[in-house]
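See below for the structure under consideration.
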Amino acid sequence: MRETVLITGASSGIGKTFAFEYAGLGKNLILTARSKDKLDKIKEEIEKKFSVDVKVLIKDLEKENSAAELYGELEKNELHVDILINNAGQHSQIILNCLSLTDLTYFIIKDMAGRKSGEIINIASTAAFQPVPYMAVYGATKAFVLSFSEALHQEYKNYGIKVTA
């Protein structure tokens, strides 16, 4: 069975690049972001170029409880995630970079632990390594992402799950 990659913030930038890279590796994709038009276009481009399945789920992960809603859609559609890439952009940075990332990770990692395999890639930043004047919240949330990811790496490595920041 082909692995499935869930990519948040997949409508542009790094998220879009991850989508094409993983499609090129033969992985099925679940793409999520706020922009249906952009995601539909990416889906069309990928399906023309690669023999993979691409699902599009529209979700604004900056909204509270959006991770639970997204996970509910995954369950409803019987979609399982082998690789989770938390990459969504930035508006309400604390909700997005901390709360939604944490919630979505814990929803999906328990399924991965049950299967004894999986991979999670959380997009941090070099801003995680030092205070960033005039971007204090951004730097702090990225430090959270780094620390959270490093801790989960240790907690879940015996379950066959790789967690990377």
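Chain lettering (A, B, ...) mirrors the order of the structure tokens, residue numbering begins at 1 for each chain separately, and ligand numbering begins at 1 in order of display.
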
Note to self: Need to verify the contact set: Leu74 of chain A, 10 Å, only C-alpha atoms, exclusion of same-chain residues closer than 6 positions in sequence. Can you return it as a VMD selection string?
What the structure shows: chain A and resid 6 30 57 68 80 to 81 108

Next item on the list: From a DSSP calculation on the backbone, collect every residue of segment 111-141 of chain A in strand (DSSP E) and output the set as a PyMOL selection string.
Entry: chain A and resi 118-122

Margin query: Write out as a PyMOL selection string the set of residues from chain A that DSSP, computed on the backbone, places in helix (DSSP H, G or I).
Written below: chain A and resi 13-24+36-49+66-76+93-115+126-129+136-159

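For Tyr159 of chain A, the non-local neighbours within 12 Å, defined as residues at least 5 positions apart in the same chain or in other chains and counting only C-alpha atoms, are A:Ile109, A:Lys110, A:Asp111, A:Met112, A:Ala113, A:Gly114, A:Arg115, A:Lys116, A:Ser117, A:Gly118, A:Glu119, A:Leu152, A:His153, A:Gln154.
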
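Counting only C-alpha atoms, Asp82 of chain A has the following residues at most 6 Å away, ignoring those fewer than 4 positions along the same chain: Glu3, Thr4, Val5 and Gly118 of chain A.
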
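The space between atom CA of Phe107 of chain A and atom CA of Met1 of chain A spans 21.7 Å.
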
Notebook entry, point to check: Near Glu150 of chain A, counting only C-alpha atoms, which residues have an atom at most 12 Å away, once you skip same-chain residues fewer than 2 positions from it, shown as a PyMOL selection string?
Noted result: chain A and resi 120-122+124+143-148+152-157+162-165

Pull N, CA, C and O atoms from the residues just selected and write them as an mmCIF file, in the first residue's frame.
data_model
loop_
_atom_site.group_PDB
_atom_site.id
_atom_site.type_symbol
_atom_site.label_atom_id
_atom_site.label_comp_id
_atom_site.auth_asym_id
_atom_site.auth_seq_id
_atom_site.Cartn_x
_atom_site.Cartn_y
_atom_site.Cartn_z
ATOM 1 N N ILE A 120 6.777 12.606 10.811
ATOM 2 C CA ILE A 120 6.230 13.954 10.988
ATOM 3 C C ILE A 120 7.359 14.945 10.759
ATOM 4 O O ILE A 120 8.438 14.813 11.352
ATOM 5 N N ILE A 121 7.095 15.914 9.894
ATOM 6 C CA ILE A 121 8.059 16.979 9.637
ATOM 7 C C ILE A 121 7.390 18.287 10.028
ATOM 8 O O ILE A 121 6.414 18.698 9.408
ATOM 9 N N ASN A 122 7.889 18.901 11.071
ATOM 10 C CA ASN A 122 7.368 20.194 11.520
ATOM 11 C C ASN A 122 8.316 21.283 11.035
ATOM 12 O O ASN A 122 9.514 21.226 11.307
ATOM 13 N N ALA A 124 10.135 24.386 11.306
ATOM 14 C CA ALA A 124 10.570 25.371 12.297
ATOM 15 C C ALA A 124 11.236 26.513 11.539
ATOM 16 O O ALA A 124 10.751 26.922 10.496
ATOM 17 N N ALA A 143 10.532 28.330 18.206
ATOM 18 C CA ALA A 143 11.281 27.649 19.262
ATOM 19 C C ALA A 143 10.423 26.536 19.872
ATOM 20 O O ALA A 143 10.913 25.439 20.166
ATOM 21 N N PHE A 144 9.134 26.809 20.029
ATOM 22 C CA PHE A 144 8.194 25.790 20.503
ATOM 23 C C PHE A 144 8.184 24.601 19.541
ATOM 24 O O PHE A 144 8.271 23.441 19.961
ATOM 25 N N VAL A 145 8.064 24.884 18.251
ATOM 26 C CA VAL A 145 8.020 23.821 17.240
ATOM 27 C C VAL A 145 9.273 22.951 17.331
ATOM 28 O O VAL A 145 9.190 21.721 17.308
ATOM 29 N N LEU A 146 10.426 23.566 17.454
ATOM 30 C CA LEU A 146 11.686 22.831 17.539
ATOM 31 C C LEU A 146 11.724 21.963 18.802
ATOM 32 O O LEU A 146 12.003 20.763 18.734
ATOM 33 N N SER A 147 11.444 22.555 19.940
ATOM 34 C CA SER A 147 11.490 21.827 21.209
ATOM 35 C C SER A 147 10.466 20.692 21.235
ATOM 36 O O SER A 147 10.767 19.562 21.644
ATOM 37 N N PHE A 148 9.252 20.975 20.801
ATOM 38 C CA PHE A 148 8.175 19.985 20.731
ATOM 39 C C PHE A 148 8.593 18.811 19.839
ATOM 40 O O PHE A 148 8.445 17.644 20.208
ATOM 41 N N LEU A 152 9.148 14.890 20.922
ATOM 42 C CA LEU A 152 8.370 13.805 20.309
ATOM 43 C C LEU A 152 9.266 12.786 19.611
ATOM 44 O O LEU A 152 8.963 11.590 19.601
ATOM 45 N N HIS A 153 10.363 13.256 19.037
ATOM 46 C CA HIS A 153 11.312 12.333 18.404
ATOM 47 C C HIS A 153 11.747 11.267 19.415
ATOM 48 O O HIS A 153 11.768 10.070 19.105
ATOM 49 N N GLN A 154 12.094 11.699 20.618
ATOM 50 C CA GLN A 154 12.525 10.757 21.655
ATOM 51 C C GLN A 154 11.362 9.887 22.142
ATOM 52 O O GLN A 154 11.518 8.682 22.337
ATOM 53 N N GLU A 155 10.195 10.493 22.331
ATOM 54 C CA GLU A 155 9.046 9.761 22.857
ATOM 55 C C GLU A 155 8.550 8.671 21.914
ATOM 56 O O GLU A 155 8.063 7.633 22.371
ATOM 57 N N TYR A 156 8.626 8.903 20.618
ATOM 58 C CA TYR A 156 7.983 8.003 19.659
ATOM 59 C C TYR A 156 8.940 7.207 18.783
ATOM 60 O O TYR A 156 8.489 6.433 17.936
ATOM 61 N N LYS A 157 10.245 7.328 18.983
ATOM 62 C CA LYS A 157 11.180 6.607 18.117
ATOM 63 C C LYS A 157 11.034 5.097 18.259
ATOM 64 O O LYS A 157 11.226 4.363 17.294
ATOM 65 N N LYS A 162 9.391 8.747 12.951
ATOM 66 C CA LYS A 162 10.438 9.755 12.879
ATOM 67 C C LYS A 162 9.786 11.130 12.997
ATOM 68 O O LYS A 162 8.838 11.416 12.291
ATOM 69 N N VAL A 163 10.287 11.935 13.896
ATOM 70 C CA VAL A 163 9.814 13.316 14.023
ATOM 71 C C VAL A 163 11.008 14.232 13.781
ATOM 72 O O VAL A 163 12.042 14.115 14.434
ATOM 73 N N THR A 164 10.836 15.143 12.823
ATOM 74 C CA THR A 164 11.907 16.034 12.404
ATOM 75 C C THR A 164 11.408 17.467 12.414
ATOM 76 O O THR A 164 10.265 17.727 12.071
ATOM 77 N N ALA A 165 12.281 18.385 12.787
ATOM 78 C CA ALA A 165 11.957 19.816 12.661
ATOM 79 C C ALA A 165 12.888 20.386 11.621
ATOM 80 O O ALA A 165 14.053 20.050 11.557
#

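All residues of protein, DNA or RNA that reach within 8 Å of Ser11 of chain A, judged by only C-alpha atoms and not counting those fewer than 2 positions away in the chain, are Gly9, Gly13, Gly15, Lys16, Leu31, Thr32, Ala33, Arg34, Ser35, Lys38, Leu39 and Ile42 of chain A.
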